[in-house]
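Here's data-v1.csv, which has CSV, N, CA and C atoms:
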```csv
chain,number,residue,atom,x,y,z
A,1,MET,N,-31.5,-1.4,-3.3
A,1,MET,CA,-30.2,-0.9,-3.7
A,1,MET,C,-29.2,-2.1,-3.8
A,2,SER,N,-28.3,-2.0,-4.7
A,2,SER,CA,-27.4,-3.1,-4.9
A,2,SER,C,-26.3,-3.2,-3.8
A,3,THR,N,-25.7,-4.4,-3.8
A,3,THR,CA,-24.7,-4.7,-2.8
A,3,THR,C,-23.5,-3.8,-3.1
A,4,THR,N,-23.2,-3.5,-4.3
A,4,THR,CA,-22.0,-2.7,-4.7
A,4,THR,C,-22.2,-1.3,-4.1
A,5,PHE,N,-23.4,-0.7,-4.2
A,5,PHE,CA,-23.6,0.6,-3.6
A,5,PHE,C,-23.3,0.6,-2.1
A,6,TRP,N,-23.8,-0.4,-1.4
A,6,TRP,CA,-23.5,-0.4,0.1
A,6,TRP,C,-22.1,-0.6,0.4
A,7,ILE,N,-21.4,-1.4,-0.4
A,7,ILE,CA,-19.9,-1.6,-0.2
A,7,ILE,C,-19.2,-0.2,-0.4
A,8,ILE,N,-19.6,0.5,-1.4
A,8,ILE,CA,-19.0,1.8,-1.7
A,8,ILE,C,-19.3,2.8,-0.5
A,9,ILE,N,-20.5,2.8,0.0
A,9,ILE,CA,-20.9,3.6,1.1
A,9,ILE,C,-20.1,3.3,2.4
A,10,ALA,N,-20.0,2.0,2.6
A,10,ALA,CA,-19.2,1.5,3.8
A,10,ALA,C,-17.8,1.9,3.7
A,11,GLY,N,-17.2,1.7,2.5
A,11,GLY,CA,-15.8,2.1,2.3
A,11,GLY,C,-15.6,3.6,2.5
A,12,ALA,N,-16.5,4.4,2.0
A,12,ALA,CA,-16.4,5.9,2.2
A,12,ALA,C,-16.5,6.3,3.7
A,13,ILE,N,-17.4,5.6,4.4
A,13,ILE,CA,-17.6,5.9,5.8
A,13,ILE,C,-16.3,5.5,6.6
A,14,ALA,N,-15.8,4.3,6.3
A,14,ALA,CA,-14.6,3.8,6.9
A,14,ALA,C,-13.4,4.8,6.7
A,15,THR,N,-13.3,5.2,5.4
A,15,THR,CA,-12.2,6.1,5.1
A,15,THR,C,-12.3,7.5,5.8
A,16,TYR,N,-13.5,8.0,5.9
A,16,TYR,CA,-13.8,9.2,6.6
A,16,TYR,C,-13.5,9.1,8.0
A,17,LEU,N,-13.9,8.0,8.7
A,17,LEU,CA,-13.7,7.8,10.1
A,17,LEU,C,-12.2,7.7,10.4
A,18,THR,N,-11.4,7.0,9.6
A,18,THR,CA,-10.0,6.9,9.9
A,18,THR,C,-9.3,8.2,9.7
A,19,ARG,N,-9.7,9.0,8.7
A,19,ARG,CA,-9.0,10.3,8.5
A,19,ARG,C,-9.4,11.3,9.7
A,20,VAL,N,-10.6,11.3,10.1
A,20,VAL,CA,-11.1,12.2,11.2
A,20,VAL,C,-10.5,11.7,12.5
A,21,GLY,N,-10.5,10.4,12.7
A,21,GLY,CA,-9.9,9.8,13.9
A,21,GLY,C,-8.4,10.2,14.1
A,22,GLY,N,-7.7,10.1,13.0
A,22,GLY,CA,-6.3,10.4,13.0
A,22,GLY,C,-6.1,11.9,13.4
A,23,HIS,N,-6.9,12.7,12.8
A,23,HIS,CA,-6.8,14.2,13.1
A,23,HIS,C,-7.2,14.5,14.5
A,24,LEU,N,-8.2,13.8,15.0
A,24,LEU,CA,-8.6,14.0,16.4
A,24,LEU,C,-7.5,13.6,17.4
A,25,VAL,N,-6.9,12.5,17.1
A,25,VAL,CA,-5.9,12.0,18.0
A,25,VAL,C,-4.7,12.9,18.0
A,26,LEU,N,-4.2,13.3,16.8
A,26,LEU,CA,-3.1,14.2,16.7
A,26,LEU,C,-3.4,15.6,17.3
A,27,SER,N,-4.6,16.1,17.2
A,27,SER,CA,-5.0,17.4,17.7
A,27,SER,C,-4.9,17.5,19.2
A,28,ARG,N,-4.9,16.4,19.9
A,28,ARG,CA,-4.9,16.4,21.3
A,28,ARG,C,-3.5,16.7,21.9
A,29,PHE,N,-2.4,16.6,21.0
A,29,PHE,CA,-1.1,16.8,21.5
A,29,PHE,C,-0.7,18.3,21.1
A,30,GLU,N,0.0,18.9,22.0
A,30,GLU,CA,0.5,20.3,21.8
A,30,GLU,C,1.7,20.2,20.7
A,31,THR,N,2.6,19.3,20.9
A,31,THR,CA,3.7,19.1,20.0
A,31,THR,C,3.7,17.7,19.6
A,32,ILE,N,4.2,17.4,18.4
A,32,ILE,CA,4.3,16.1,17.8
A,32,ILE,C,5.8,15.8,17.9
A,33,HIS,N,6.2,14.6,18.4
A,33,HIS,CA,7.5,14.2,18.4
A,33,HIS,C,8.1,14.1,17.0
A,34,PRO,N,9.4,14.5,16.8
A,34,PRO,CA,10.0,14.5,15.5
A,34,PRO,C,10.0,13.2,14.8
A,35,ARG,N,10.1,12.1,15.5
A,35,ARG,CA,10.0,10.8,14.9
A,35,ARG,C,8.6,10.5,14.4
A,36,VAL,N,7.6,10.9,15.1
A,36,VAL,CA,6.2,10.6,14.7
A,36,VAL,C,6.0,11.5,13.4
A,37,GLU,N,6.5,12.7,13.4
A,37,GLU,CA,6.3,13.6,12.2
A,37,GLU,C,7.0,13.0,11.0
A,38,ALA,N,8.2,12.5,11.3
A,38,ALA,CA,9.0,11.9,10.1
A,38,ALA,C,8.3,10.7,9.6
A,39,GLY,N,7.7,9.9,10.5
A,39,GLY,CA,6.9,8.7,10.0
A,39,GLY,C,5.7,9.1,9.2
A,40,LEU,N,5.0,10.1,9.7
A,40,LEU,CA,3.8,10.6,9.0
A,40,LEU,C,4.2,11.2,7.6
A,41,ASN,N,5.3,11.9,7.6
A,41,ASN,CA,5.8,12.4,6.3
A,41,ASN,C,6.2,11.3,5.3
A,42,ALA,N,6.6,10.2,5.8
A,42,ALA,CA,7.0,9.1,4.9
A,42,ALA,C,5.8,8.3,4.3
A,43,VAL,N,4.6,8.5,4.9
A,43,VAL,CA,3.4,7.7,4.4
A,43,VAL,C,3.1,7.9,3.0
A,44,PRO,N,3.1,9.1,2.4
A,44,PRO,CA,2.8,9.2,1.0
A,44,PRO,C,3.7,8.4,0.1
A,45,ALA,N,5.0,8.5,0.4
A,45,ALA,CA,6.0,7.7,-0.4
A,45,ALA,C,5.8,6.2,-0.3
A,46,ALA,N,5.5,5.8,0.9
A,46,ALA,CA,5.2,4.3,1.1
A,46,ALA,C,4.0,3.9,0.4
A,47,VAL,N,2.9,4.7,0.4
A,47,VAL,CA,1.7,4.3,-0.3
A,47,VAL,C,2.0,4.3,-1.8
A,48,LEU,N,2.7,5.3,-2.4
A,48,LEU,CA,3.0,5.3,-3.8
A,48,LEU,C,3.8,4.1,-4.2
A,49,THR,N,4.8,3.7,-3.3
A,49,THR,CA,5.6,2.5,-3.6
A,49,THR,C,4.8,1.3,-3.7
A,50,THR,N,3.8,1.1,-2.7
A,50,THR,CA,3.0,-0.1,-2.8
A,50,THR,C,2.1,-0.1,-4.0
A,51,LEU,N,1.8,1.0,-4.6
A,51,LEU,CA,1.0,1.0,-5.8
A,51,LEU,C,1.8,0.8,-7.0
A,52,VAL,N,3.0,1.3,-7.1
A,52,VAL,CA,3.9,1.3,-8.3
A,52,VAL,C,4.7,0.0,-8.3
A,53,ALA,N,5.2,-0.5,-7.2
A,53,ALA,CA,6.1,-1.7,-7.3
A,53,ALA,C,5.5,-2.9,-7.9
A,54,PRO,N,4.3,-3.4,-7.5
A,54,PRO,CA,3.7,-4.6,-8.1
A,54,PRO,C,3.5,-4.4,-9.6
A,55,ALA,N,3.1,-3.2,-10.0
A,55,ALA,CA,2.9,-2.9,-11.5
A,55,ALA,C,4.2,-2.9,-12.2
A,56,ALA,N,5.2,-2.4,-11.6
A,56,ALA,CA,6.6,-2.4,-12.2
A,56,ALA,C,7.2,-3.8,-12.4
A,57,LEU,N,6.9,-4.6,-11.4
A,57,LEU,CA,7.5,-6.0,-11.5
A,57,LEU,C,6.9,-6.8,-12.6
A,58,GLY,N,5.6,-6.6,-12.9
A,58,GLY,CA,5.0,-7.3,-13.9
A,58,GLY,C,4.8,-6.6,-15.2
A,59,ALA,N,5.5,-5.5,-15.4
A,59,ALA,CA,5.3,-4.6,-16.5
A,59,ALA,C,6.1,-5.0,-17.7
A,60,GLY,N,5.6,-4.5,-18.8
A,60,GLY,CA,6.2,-4.8,-20.1
A,60,GLY,C,7.1,-3.6,-20.5
A,61,PRO,N,7.6,-3.6,-21.7
A,61,PRO,CA,8.5,-2.5,-22.1
A,61,PRO,C,7.9,-1.1,-22.1
A,62,ALA,N,6.6,-1.0,-22.4
A,62,ALA,CA,6.0,0.3,-22.5
A,62,ALA,C,5.9,0.9,-21.1
A,63,GLU,N,5.6,0.0,-20.1
A,63,GLU,CA,5.5,0.5,-18.7
A,63,GLU,C,6.9,0.9,-18.2
A,64,TRP,N,7.9,0.1,-18.5
A,64,TRP,CA,9.2,0.5,-18.0
A,64,TRP,C,9.7,1.8,-18.6
A,65,VAL,N,9.4,2.0,-19.9
A,65,VAL,CA,9.8,3.3,-20.5
A,65,VAL,C,9.1,4.5,-19.8
A,66,ALA,N,7.8,4.3,-19.5
A,66,ALA,CA,7.1,5.4,-18.8
A,66,ALA,C,7.6,5.6,-17.4
A,67,LEU,N,7.9,4.5,-16.7
A,67,LEU,CA,8.4,4.6,-15.4
A,67,LEU,C,9.8,5.3,-15.3
A,68,ILE,N,10.7,5.0,-16.2
A,68,ILE,CA,12.0,5.6,-16.3
A,68,ILE,C,11.9,7.1,-16.6
A,69,ILE,N,11.1,7.4,-17.6
A,69,ILE,CA,10.9,8.8,-18.0
A,69,ILE,C,10.3,9.6,-16.8
A,70,SER,N,9.3,9.0,-16.2
A,70,SER,CA,8.6,9.7,-15.1
A,70,SER,C,9.6,9.9,-13.9
A,71,GLY,N,10.5,8.9,-13.7
A,71,GLY,CA,11.5,9.1,-12.7
A,71,GLY,C,12.5,10.3,-13.0
A,72,LEU,N,12.8,10.4,-14.2
A,72,LEU,CA,13.7,11.5,-14.6
A,72,LEU,C,13.0,12.8,-14.5
A,73,VAL,N,11.7,12.9,-14.9
A,73,VAL,CA,11.0,14.1,-14.7
A,73,VAL,C,10.8,14.5,-13.3
A,74,ALA,N,10.7,13.5,-12.4
A,74,ALA,CA,10.5,13.7,-11.0
A,74,ALA,C,11.7,14.4,-10.4
A,75,LEU,N,12.9,14.1,-10.9
A,75,LEU,CA,14.1,14.8,-10.4
A,75,LEU,C,14.1,16.3,-10.6
A,76,ARG,N,13.5,16.7,-11.7
A,76,ARG,CA,13.5,18.2,-12.0
A,76,ARG,C,12.2,18.9,-11.8
A,77,GLY,N,11.1,18.2,-12.1
A,77,GLY,CA,9.8,18.8,-12.0
A,77,GLY,C,9.0,18.5,-10.8
A,78,GLY,N,7.8,18.9,-10.7
A,78,GLY,CA,6.9,18.6,-9.6
A,78,GLY,C,6.2,17.3,-9.8
A,79,LEU,N,5.3,17.1,-8.8
A,79,LEU,CA,4.5,15.9,-8.8
A,79,LEU,C,3.5,15.8,-9.9
A,80,MET,N,2.9,16.9,-10.2
A,80,MET,CA,1.9,16.9,-11.3
A,80,MET,C,2.5,16.6,-12.7
A,81,SER,N,3.7,17.3,-12.9
A,81,SER,CA,4.4,17.1,-14.2
A,81,SER,C,4.8,15.6,-14.3
A,82,MET,N,5.2,15.0,-13.2
A,82,MET,CA,5.7,13.6,-13.2
A,82,MET,C,4.5,12.7,-13.6
A,83,PHE,N,3.3,12.9,-13.0
A,83,PHE,CA,2.2,12.1,-13.3
A,83,PHE,C,1.7,12.3,-14.7
A,84,LEU,N,1.6,13.5,-15.2
A,84,LEU,CA,1.2,13.8,-16.5
A,84,LEU,C,2.1,13.2,-17.6
A,85,THR,N,3.4,13.4,-17.4
A,85,THR,CA,4.4,12.9,-18.3
A,85,THR,C,4.4,11.4,-18.3
A,86,GLY,N,4.2,10.7,-17.2
A,86,GLY,CA,4.1,9.3,-17.1
A,86,GLY,C,2.9,8.8,-17.9
A,87,ALA,N,1.8,9.5,-17.7
A,87,ALA,CA,0.6,9.0,-18.4
A,87,ALA,C,0.7,9.2,-19.9
A,88,VAL,N,1.2,10.3,-20.3
A,88,VAL,CA,1.4,10.6,-21.8
A,88,VAL,C,2.3,9.6,-22.4
A,89,VAL,N,3.5,9.4,-21.7
A,89,VAL,CA,4.5,8.4,-22.2
A,89,VAL,C,3.9,7.0,-22.3
A,90,LEU,N,3.2,6.6,-21.3
A,90,LEU,CA,2.6,5.3,-21.2
A,90,LEU,C,1.6,5.1,-22.4
A,91,ILE,N,0.8,6.1,-22.6
A,91,ILE,CA,-0.2,6.0,-23.7
A,91,ILE,C,0.5,5.8,-25.0
A,92,LEU,N,1.5,6.7,-25.3
A,92,LEU,CA,2.2,6.7,-26.5
A,92,LEU,C,3.1,5.4,-26.7
A,93,ALA,N,3.7,5.0,-25.6
A,93,ALA,CA,4.5,3.8,-25.7
A,93,ALA,C,3.6,2.5,-25.9
A,94,ARG,N,2.5,2.5,-25.3
A,94,ARG,CA,1.6,1.3,-25.6
A,94,ARG,C,1.1,1.3,-27.0
A,95,GLN,N,1.0,2.5,-27.7
A,95,GLN,CA,0.6,2.6,-29.1
A,95,GLN,C,1.7,2.1,-30.0
A,96,PHE,N,3.0,2.5,-29.7
A,96,PHE,CA,4.0,2.3,-30.6
A,96,PHE,C,5.0,1.2,-30.2
A,97,VAL,N,5.2,0.9,-28.9
A,97,VAL,CA,6.1,-0.1,-28.5
A,97,VAL,C,5.5,-1.5,-28.3
A,98,ALA,N,4.4,-1.5,-27.6
A,98,ALA,CA,3.8,-2.8,-27.3
A,98,ALA,C,3.0,-3.5,-28.4
```
Same coordinates, now as structure tokens:
Amino acid sequence: MSTTFWIIIAGAIATYLTRVGGHLVLSRFETIHPRVEAGLNAVPAAVLTTLVAPAALGAGPAEWVALIISGLVALRGGLMSMFLTGAVVLILARQFVA
């Protein structure tokens, strides 16, 4: 088997163990402190920021148009509508702007 296959398997196992480990640790507590809960609630936004920020800083006009329109849709719509709108706008903007 190839090295790539084993890297993917190792990554999947590591991801599974970290998720299960976090669940097992938190399930030991009867209540979670509000600060811990607030920190855990902030994780998705922090991860999304780390994915979007580098791409936005090195982006061209098509990416900026998609980012701005996605941000506006996010103010009114849900998460799925934001992602779909951003993808469609990016595809169209890359065809006609870039």
Report as a CSV table (one decimal) with N, CA and C atoms, in the coordinates of the input all protein, DNA and RNA residues lying within 10 Å of range 54-67 of chain A, evaluated on only C-alpha atoms, omitting residues in the same chain fewer than 2 positions from it.
```csv
chain,number,residue,atom,x,y,z
A,49,THR,N,4.8,3.7,-3.3
A,49,THR,CA,5.6,2.5,-3.6
A,49,THR,C,4.8,1.3,-3.7
A,50,THR,N,3.8,1.1,-2.7
A,50,THR,CA,3.0,-0.1,-2.8
A,50,THR,C,2.1,-0.1,-4.0
A,51,LEU,N,1.8,1.0,-4.6
A,51,LEU,CA,1.0,1.0,-5.8
A,51,LEU,C,1.8,0.8,-7.0
A,52,VAL,N,3.0,1.3,-7.1
A,52,VAL,CA,3.9,1.3,-8.3
A,52,VAL,C,4.7,0.0,-8.3
A,69,ILE,N,11.1,7.4,-17.6
A,69,ILE,CA,10.9,8.8,-18.0
A,69,ILE,C,10.3,9.6,-16.8
A,70,SER,N,9.3,9.0,-16.2
A,70,SER,CA,8.6,9.7,-15.1
A,70,SER,C,9.6,9.9,-13.9
A,71,GLY,N,10.5,8.9,-13.7
A,71,GLY,CA,11.5,9.1,-12.7
A,71,GLY,C,12.5,10.3,-13.0
A,72,LEU,N,12.8,10.4,-14.2
A,72,LEU,CA,13.7,11.5,-14.6
A,72,LEU,C,13.0,12.8,-14.5
A,73,VAL,N,11.7,12.9,-14.9
A,73,VAL,CA,11.0,14.1,-14.7
A,73,VAL,C,10.8,14.5,-13.3
A,82,MET,N,5.2,15.0,-13.2
A,82,MET,CA,5.7,13.6,-13.2
A,82,MET,C,4.5,12.7,-13.6
A,83,PHE,N,3.3,12.9,-13.0
A,83,PHE,CA,2.2,12.1,-13.3
A,83,PHE,C,1.7,12.3,-14.7
A,85,THR,N,3.4,13.4,-17.4
A,85,THR,CA,4.4,12.9,-18.3
A,85,THR,C,4.4,11.4,-18.3
A,86,GLY,N,4.2,10.7,-17.2
A,86,GLY,CA,4.1,9.3,-17.1
A,86,GLY,C,2.9,8.8,-17.9
A,87,ALA,N,1.8,9.5,-17.7
A,87,ALA,CA,0.6,9.0,-18.4
A,87,ALA,C,0.7,9.2,-19.9
A,88,VAL,N,1.2,10.3,-20.3
A,88,VAL,CA,1.4,10.6,-21.8
A,88,VAL,C,2.3,9.6,-22.4
A,89,VAL,N,3.5,9.4,-21.7
A,89,VAL,CA,4.5,8.4,-22.2
A,89,VAL,C,3.9,7.0,-22.3
A,90,LEU,N,3.2,6.6,-21.3
A,90,LEU,CA,2.6,5.3,-21.2
A,90,LEU,C,1.6,5.1,-22.4
A,91,ILE,N,0.8,6.1,-22.6
A,91,ILE,CA,-0.2,6.0,-23.7
A,91,ILE,C,0.5,5.8,-25.0
A,92,LEU,N,1.5,6.7,-25.3
A,92,LEU,CA,2.2,6.7,-26.5
A,92,LEU,C,3.1,5.4,-26.7
A,93,ALA,N,3.7,5.0,-25.6
A,93,ALA,CA,4.5,3.8,-25.7
A,93,ALA,C,3.6,2.5,-25.9
A,94,ARG,N,2.5,2.5,-25.3
A,94,ARG,CA,1.6,1.3,-25.6
A,94,ARG,C,1.1,1.3,-27.0
A,95,GLN,N,1.0,2.5,-27.7
A,95,GLN,CA,0.6,2.6,-29.1
A,95,GLN,C,1.7,2.1,-30.0
A,96,PHE,N,3.0,2.5,-29.7
A,96,PHE,CA,4.0,2.3,-30.6
A,96,PHE,C,5.0,1.2,-30.2
A,97,VAL,N,5.2,0.9,-28.9
A,97,VAL,CA,6.1,-0.1,-28.5
A,97,VAL,C,5.5,-1.5,-28.3
A,98,ALA,N,4.4,-1.5,-27.6
A,98,ALA,CA,3.8,-2.8,-27.3
A,98,ALA,C,3.0,-3.5,-28.4
```
### For atom C of Thr15 in chain A and atom C of Leu40 in chain A, the interatomic separation in Å (one decimal)
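Taking atom C of Thr15 in chain A and atom C of Leu40 in chain A, their separation equals 17.0 Å.
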### Query
Pick from A:Ile68, A:Leu79, A:Ile32, A:Tyr16: nearest to Pro44 in chain A, with only C-alpha atoms counted?
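Selected residue with least distance to Pro44 in chain A: A:Leu79.
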### Query
At what distance in Å, to one decimal, does CA of Ala74 in chain A lie from CA of Leu48 in chain A?
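Interatomic distance here is 13.4 Å.
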### Message
Just to confirm, what's the straight-line distance from atom C of Gly22 in chain A to atom N of Ala45 in chain A in Å (one decimal)?
### Response
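Here the two named atoms are 17.4 Å from each other.
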Could you pull out the helix (DSSP H, G or I) residues of range 2-64 of chain A, going by DSSP on the backbone, and write them as a compact mmCIF listing (two decimals) with N, CA and C atoms, keeping the file's coordinate frame?
```txt
# COMPACT_ATOMS: atom_id res chain seq x y z
N THR A 3 -25.70 -4.40 -3.80
CA THR A 3 -24.70 -4.70 -2.80
C THR A 3 -23.50 -3.80 -3.10
N THR A 4 -23.20 -3.50 -4.30
CA THR A 4 -22.00 -2.70 -4.70
C THR A 4 -22.20 -1.30 -4.10
N PHE A 5 -23.40 -0.70 -4.20
CA PHE A 5 -23.60 0.60 -3.60
C PHE A 5 -23.30 0.60 -2.10
N TRP A 6 -23.80 -0.40 -1.40
CA TRP A 6 -23.50 -0.40 0.10
C TRP A 6 -22.10 -0.60 0.40
N ILE A 7 -21.40 -1.40 -0.40
CA ILE A 7 -19.90 -1.60 -0.20
C ILE A 7 -19.20 -0.20 -0.40
N ILE A 8 -19.60 0.50 -1.40
CA ILE A 8 -19.00 1.80 -1.70
C ILE A 8 -19.30 2.80 -0.50
N ILE A 9 -20.50 2.80 0.00
CA ILE A 9 -20.90 3.60 1.10
C ILE A 9 -20.10 3.30 2.40
N ALA A 10 -20.00 2.00 2.60
CA ALA A 10 -19.20 1.50 3.80
C ALA A 10 -17.80 1.90 3.70
N GLY A 11 -17.20 1.70 2.50
CA GLY A 11 -15.80 2.10 2.30
C GLY A 11 -15.60 3.60 2.50
N ALA A 12 -16.50 4.40 2.00
CA ALA A 12 -16.40 5.90 2.20
C ALA A 12 -16.50 6.30 3.70
N ILE A 13 -17.40 5.60 4.40
CA ILE A 13 -17.60 5.90 5.80
C ILE A 13 -16.30 5.50 6.60
N ALA A 14 -15.80 4.30 6.30
CA ALA A 14 -14.60 3.80 6.90
C ALA A 14 -13.40 4.80 6.70
N THR A 15 -13.30 5.20 5.40
CA THR A 15 -12.20 6.10 5.10
C THR A 15 -12.30 7.50 5.80
N TYR A 16 -13.50 8.00 5.90
CA TYR A 16 -13.80 9.20 6.60
C TYR A 16 -13.50 9.10 8.00
N LEU A 17 -13.90 8.00 8.70
CA LEU A 17 -13.70 7.80 10.10
C LEU A 17 -12.20 7.70 10.40
N THR A 18 -11.40 7.00 9.60
CA THR A 18 -10.00 6.90 9.90
C THR A 18 -9.30 8.20 9.70
N ARG A 19 -9.70 9.00 8.70
CA ARG A 19 -9.00 10.30 8.50
C ARG A 19 -9.40 11.30 9.70
N VAL A 20 -10.60 11.30 10.10
CA VAL A 20 -11.10 12.20 11.20
C VAL A 20 -10.50 11.70 12.50
N GLY A 21 -10.50 10.40 12.70
CA GLY A 21 -9.90 9.80 13.90
C GLY A 21 -8.40 10.20 14.10
N GLY A 22 -7.70 10.10 13.00
CA GLY A 22 -6.30 10.40 13.00
C GLY A 22 -6.10 11.90 13.40
N HIS A 23 -6.90 12.70 12.80
CA HIS A 23 -6.80 14.20 13.10
C HIS A 23 -7.20 14.50 14.50
N LEU A 24 -8.20 13.80 15.00
CA LEU A 24 -8.60 14.00 16.40
C LEU A 24 -7.50 13.60 17.40
N VAL A 25 -6.90 12.50 17.10
CA VAL A 25 -5.90 12.00 18.00
C VAL A 25 -4.70 12.90 18.00
N LEU A 26 -4.20 13.30 16.80
CA LEU A 26 -3.10 14.20 16.70
C LEU A 26 -3.40 15.60 17.30
N SER A 27 -4.60 16.10 17.20
CA SER A 27 -5.00 17.40 17.70
C SER A 27 -4.90 17.50 19.20
N PRO A 34 9.40 14.50 16.80
CA PRO A 34 10.00 14.50 15.50
C PRO A 34 10.00 13.20 14.80
N ARG A 35 10.10 12.10 15.50
CA ARG A 35 10.00 10.80 14.90
C ARG A 35 8.60 10.50 14.40
N VAL A 36 7.60 10.90 15.10
CA VAL A 36 6.20 10.60 14.70
C VAL A 36 6.00 11.50 13.40
N GLU A 37 6.50 12.70 13.40
CA GLU A 37 6.30 13.60 12.20
C GLU A 37 7.00 13.00 11.00
N ALA A 38 8.20 12.50 11.30
CA ALA A 38 9.00 11.90 10.10
C ALA A 38 8.30 10.70 9.60
N GLY A 39 7.70 9.90 10.50
CA GLY A 39 6.90 8.70 10.00
C GLY A 39 5.70 9.10 9.20
N LEU A 40 5.00 10.10 9.70
CA LEU A 40 3.80 10.60 9.00
C LEU A 40 4.20 11.20 7.60
N ASN A 41 5.30 11.90 7.60
CA ASN A 41 5.80 12.40 6.30
C ASN A 41 6.20 11.30 5.30
N ALA A 42 6.60 10.20 5.80
CA ALA A 42 7.00 9.10 4.90
C ALA A 42 5.80 8.30 4.30
N VAL A 43 4.60 8.50 4.90
CA VAL A 43 3.40 7.70 4.40
C VAL A 43 3.10 7.90 3.00
N PRO A 44 3.10 9.10 2.40
CA PRO A 44 2.80 9.20 1.00
C PRO A 44 3.70 8.40 0.10
N ALA A 45 5.00 8.50 0.40
CA ALA A 45 6.00 7.70 -0.40
C ALA A 45 5.80 6.20 -0.30
N ALA A 46 5.50 5.80 0.90
CA ALA A 46 5.20 4.30 1.10
C ALA A 46 4.00 3.90 0.40
N VAL A 47 2.90 4.70 0.40
CA VAL A 47 1.70 4.30 -0.30
C VAL A 47 2.00 4.30 -1.80
N LEU A 48 2.70 5.30 -2.40
CA LEU A 48 3.00 5.30 -3.80
C LEU A 48 3.80 4.10 -4.20
N THR A 49 4.80 3.70 -3.30
CA THR A 49 5.60 2.50 -3.60
C THR A 49 4.80 1.30 -3.70
N THR A 50 3.80 1.10 -2.70
CA THR A 50 3.00 -0.10 -2.80
C THR A 50 2.10 -0.10 -4.00
N LEU A 51 1.80 1.00 -4.60
CA LEU A 51 1.00 1.00 -5.80
C LEU A 51 1.80 0.80 -7.00
N VAL A 52 3.00 1.30 -7.10
CA VAL A 52 3.90 1.30 -8.30
C VAL A 52 4.70 0.00 -8.30
N ALA A 53 5.20 -0.50 -7.20
CA ALA A 53 6.10 -1.70 -7.30
C ALA A 53 5.50 -2.90 -7.90
N PRO A 54 4.30 -3.40 -7.50
CA PRO A 54 3.70 -4.60 -8.10
C PRO A 54 3.50 -4.40 -9.60
N ALA A 55 3.10 -3.20 -10.00
CA ALA A 55 2.90 -2.90 -11.50
C ALA A 55 4.20 -2.90 -12.20
N ALA A 56 5.20 -2.40 -11.60
CA ALA A 56 6.60 -2.40 -12.20
C ALA A 56 7.20 -3.80 -12.40
N LEU A 57 6.90 -4.60 -11.40
CA LEU A 57 7.50 -6.00 -11.50
C LEU A 57 6.90 -6.80 -12.60
N PRO A 61 7.60 -3.60 -21.70
CA PRO A 61 8.50 -2.50 -22.10
C PRO A 61 7.90 -1.10 -22.10
N ALA A 62 6.60 -1.00 -22.40
CA ALA A 62 6.00 0.30 -22.50
C ALA A 62 5.90 0.90 -21.10
N GLU A 63 5.60 0.00 -20.10
CA GLU A 63 5.50 0.50 -18.70
C GLU A 63 6.90 0.90 -18.20
N TRP A 64 7.90 0.10 -18.50
CA TRP A 64 9.20 0.50 -18.00
C TRP A 64 9.70 1.80 -18.60
```
